[in-house]
$ cat start-v9.tsv   # TSV, C-alpha atoms
chain	number	residue	atom	x	y	z
A	1	MET	CA	-64.25	-47.84	117.15
A	2	ALA	CA	-66.79	-45.42	115.72
A	3	HIS	CA	-65.66	-42.62	113.46
A	4	PRO	CA	-65.06	-39.30	115.27
A	5	VAL	CA	-67.76	-37.59	113.19
A	6	ALA	CA	-70.35	-40.17	114.29
A	7	ILE	CA	-69.36	-39.74	117.94
A	8	THR	CA	-69.61	-35.96	117.60
A	9	ILE	CA	-73.08	-36.15	116.00
A	10	ILE	CA	-74.30	-38.47	118.76
A	11	ILE	CA	-73.02	-36.08	121.45
A	12	ILE	CA	-74.71	-33.11	119.75
A	13	VAL	CA	-78.02	-34.98	119.38
A	14	ILE	CA	-77.96	-35.94	123.06
A	15	LEU	CA	-77.11	-32.35	124.03
A	16	ILE	CA	-79.96	-30.97	121.91
A	17	ALA	CA	-82.39	-33.51	123.41
A	18	VAL	CA	-81.36	-32.53	126.93
A	19	LEU	CA	-81.72	-28.83	126.14
A	20	VAL	CA	-85.18	-29.34	124.58
A	21	ILE	CA	-86.41	-31.49	127.48
A	22	THR	CA	-85.18	-29.04	130.11
A	23	GLY	CA	-86.52	-26.03	128.17
A	24	TYR	CA	-83.18	-24.27	127.73
A	25	ILE	CA	-83.44	-23.98	123.94
A	26	SER	CA	-85.22	-20.69	123.53
A	27	ASP	CA	-83.31	-18.62	120.98
A	28	PRO	CA	-82.12	-20.52	117.86
A	29	ILE	CA	-79.96	-17.56	116.77
A	30	ILE	CA	-77.72	-18.19	119.77
A	31	ASP	CA	-78.16	-21.94	120.24
A	32	ILE	CA	-77.39	-23.15	116.70
A	33	PRO	CA	-73.97	-21.41	116.36
A	34	SER	CA	-73.11	-22.44	119.92
A	35	LEU	CA	-73.87	-26.07	119.13
A	36	ALA	CA	-71.87	-25.85	115.89
A	37	ILE	CA	-68.83	-24.56	117.79
A	38	LEU	CA	-69.29	-27.20	120.50
A	39	GLY	CA	-69.60	-29.89	117.82
A	40	PHE	CA	-66.42	-28.76	116.06
A	41	LEU	CA	-64.44	-28.68	119.32
A	42	THR	CA	-65.76	-32.10	120.32
A	43	TYR	CA	-64.80	-33.50	116.92
A	44	ARG	CA	-61.26	-32.11	117.17
A	45	VAL	CA	-60.72	-33.47	120.70
A	46	ILE	CA	-62.02	-36.93	119.80
A	47	ASN	CA	-59.99	-36.95	116.57
A	48	VAL	CA	-56.75	-36.10	118.42
A	49	VAL	CA	-57.41	-38.73	121.09
A	50	ILE	CA	-58.02	-41.42	118.48
A	51	LYS	CA	-54.97	-40.48	116.40
A	52	THR	CA	-52.57	-40.39	119.35
A	53	ARG	CA	-53.82	-43.57	121.01
A	54	GLY	CA	-51.15	-46.25	121.16
A	55	ARG	CA	-48.28	-43.84	120.48
A	56	ASN	CA	-45.57	-43.33	123.02
A	57	LEU	CA	-45.20	-39.57	122.92
A	58	TYR	CA	-42.31	-39.64	125.38
A	59	SER	CA	-39.95	-41.89	123.45
A	60	TYR	CA	-37.21	-39.95	121.72
A	61	GLU	CA	-34.75	-42.74	120.88
A	62	GLY	CA	-33.90	-42.74	117.21
A	63	LYS	CA	-35.52	-39.38	116.46
A	64	ILE	CA	-33.62	-36.95	114.29
A	65	GLY	CA	-32.99	-33.31	115.10
A	66	LYS	CA	-30.56	-30.43	114.58
A	67	ALA	CA	-27.76	-29.11	116.76
A	68	LEU	CA	-28.32	-25.49	117.73
A	69	GLU	CA	-24.75	-24.95	118.89
A	70	ASP	CA	-21.33	-26.59	118.78
A	71	MET	CA	-20.97	-29.44	121.28
A	72	LYS	CA	-17.84	-31.27	122.35
A	73	VAL	CA	-17.76	-34.88	123.54
A	74	GLY	CA	-19.44	-35.17	126.95
A	75	LYS	CA	-20.42	-31.50	127.01
A	76	GLU	CA	-23.91	-30.06	127.04
A	77	GLY	CA	-25.59	-28.04	124.34
A	78	TYR	CA	-29.00	-27.46	122.84
A	79	VAL	CA	-30.72	-29.39	120.07
A	80	LEU	CA	-34.05	-29.13	118.29
A	81	VAL	CA	-36.04	-32.38	118.06
A	82	GLU	CA	-39.57	-32.39	116.61
A	83	GLY	CA	-39.95	-28.68	117.23
A	84	GLU	CA	-38.84	-28.88	120.86
A	85	TYR	CA	-35.66	-27.43	122.32
A	86	TRP	CA	-33.74	-29.94	124.44
A	87	GLN	CA	-30.57	-29.78	126.47
A	88	ALA	CA	-28.34	-32.55	125.18
A	89	ILE	CA	-25.06	-34.28	125.93
A	90	ALA	CA	-22.95	-35.17	122.90
A	91	LEU	CA	-21.31	-38.57	122.45
A	92	GLU	CA	-19.08	-37.09	119.74
A	93	ASP	CA	-18.12	-33.66	118.45
A	94	ILE	CA	-21.09	-32.02	116.79
A	95	LYS	CA	-21.09	-28.72	114.92
A	96	LYS	CA	-23.93	-26.20	114.86
A	97	GLY	CA	-26.54	-27.06	112.21
A	98	GLU	CA	-25.59	-30.74	111.85
A	99	ASP	CA	-28.25	-33.42	112.00
A	100	ILE	CA	-28.24	-35.47	115.18
A	101	VAL	CA	-29.83	-38.72	116.32
A	102	VAL	CA	-31.12	-39.23	119.84
A	103	VAL	CA	-29.51	-42.27	121.48
A	104	LYS	CA	-31.49	-42.09	124.74
A	105	ARG	CA	-33.11	-39.75	127.20
A	106	GLU	CA	-31.93	-39.29	130.77
A	107	GLY	CA	-34.33	-37.16	132.77
A	108	LEU	CA	-34.67	-33.87	130.92
A	109	LYS	CA	-31.52	-34.30	128.83
A	110	LEU	CA	-31.02	-36.17	125.60
A	111	ILE	CA	-27.92	-38.16	124.75
A	112	VAL	CA	-27.15	-37.49	121.08
A	113	LYS	CA	-24.68	-38.35	118.35
A	114	LYS	CA	-24.14	-37.23	114.78
A	115	ARG	CA	-26.52	-38.62	112.21
A	116	ALA	CA	-24.79	-40.88	109.72
A	117	SER	CA	-24.78	-39.37	106.25
A	118	ARG	CA	-27.39	-40.70	103.84
A	119	VAL	CA	-24.71	-42.23	101.67
A	120	GLU	CA	-23.44	-44.31	104.61
A	121	THR	CA	-27.01	-45.23	105.60
A	122	ASP	CA	-27.85	-46.38	102.05
A	123	ARG	CA	-24.80	-48.69	101.94
A	124	VAL	CA	-25.74	-50.53	105.12

$ encode --input "start-v9.tsv" --output "structure tokens"
Amino acid sequence: MAHPVAITIIIIVILIAVLVITGYISDPIIDIPSLAILGFLTYRVINVVIKTRGRNLYSYEGKIGKALEDMKVGKEGYVLVEGEYWQAIALEDIKKGEDIVVVKREGLKLIVKKRASRVETDRV
């Protein structure tokens, strides 16, 4: 696929050609900054689309977060995962501030458990 900058330049060239042919380019003091802003926005949109292609943005299994409150087994509480607040159900007792791991997502709730300590993870 073409680089996002190349796609943006092509779109701007086509836009300028259309504006020249139709006679809408009349004041360069207004048109040039407008095209620069349009080009930047087009570049950012294309760049985001290319970077996020092929990623499942809705899969939370295995992601790590933090508990925002104490949660008992089977009870609900709130967690923070990738900057988003989620209502979660704990599979084990979790204290406020502990790292958690998402086991699965059920509707708008996450099923979470404590994250194994790094020492335990390194041994495995």

$ atom_distance --input "start-v9.tsv" --atom1 "CA of Val45 in chain A" --atom2 "CA of Tyr24 in chain A"
25.3 Å

$ atom_distance --input "start-v9.tsv" --atom1 "CA of Lys66 in chain A" --atom2 "CA of Ile94 in chain A"
9.9 Å

$ atom_distance --input "start-v9.tsv" --atom1 "CA of Leu41 in chain A" --atom2 "CA of Ser59 in chain A"
28.1 Å

$ closest_residue --input "start-v9.tsv" --among "A:Ala88, A:Ile16, A:Leu80, A:Ile7" --to "Ile32 in chain A" --atoms "only C-alpha atoms"
A:Ile16

$ closest_atom_pairs --input "start-v9.tsv" --of "range 33-78 of chain A" --to "range 102-121 of chain A" --cutoff "7 Å" --atoms "all atoms listed in the file" --output "tab-separated table"
residue	atom	partner	partner_atom	distance
A:Tyr60	CA	A:Val102	CA	6.4
A:Glu61	CA	A:Lys104	CA	5.1
A:Gly62	CA	A:Val102	CA	5.2
A:Lys63	CA	A:Val102	CA	5.6
A:Ile64	CA	A:Val102	CA	6.5

$ residues_around --input "start-v9.tsv" --residues "range 33-37 of chain A" --least-positions-apart "6" --cutoff "10 Å" --atoms "only C-alpha atoms" --output "short mmCIF file (atom, residue, chain, number, x, y, z; two decimals) with C-alpha atoms, keeping the file's coordinate frame"
data_model
loop_
_atom_site.label_atom_id
_atom_site.label_comp_id
_atom_site.auth_asym_id
_atom_site.auth_seq_id
_atom_site.Cartn_x
_atom_site.Cartn_y
_atom_site.Cartn_z
CA ILE A 12 -74.71 -33.11 119.75
CA VAL A 13 -78.02 -34.98 119.38
CA LEU A 15 -77.11 -32.35 124.03
CA ILE A 16 -79.96 -30.97 121.91
CA TYR A 43 -64.80 -33.50 116.92
#

$ closest_residue --input "start-v9.tsv" --among "A:Tyr78, A:Tyr58, A:Tyr85, A:Phe40" --to "Ile11 in chain A" --atoms "only C-alpha atoms"
A:Phe40

$ axis_aligned_box --input "start-v9.tsv" --around "range 24-43 of chain A" --padding-each-side "5 Å" --output "lines of an AutoDock Vina configuration file"
center_x = -74.8
center_y = -25.5
center_z = 121.8
size_x = 30.8
size_y = 25.9
size_z = 21.8
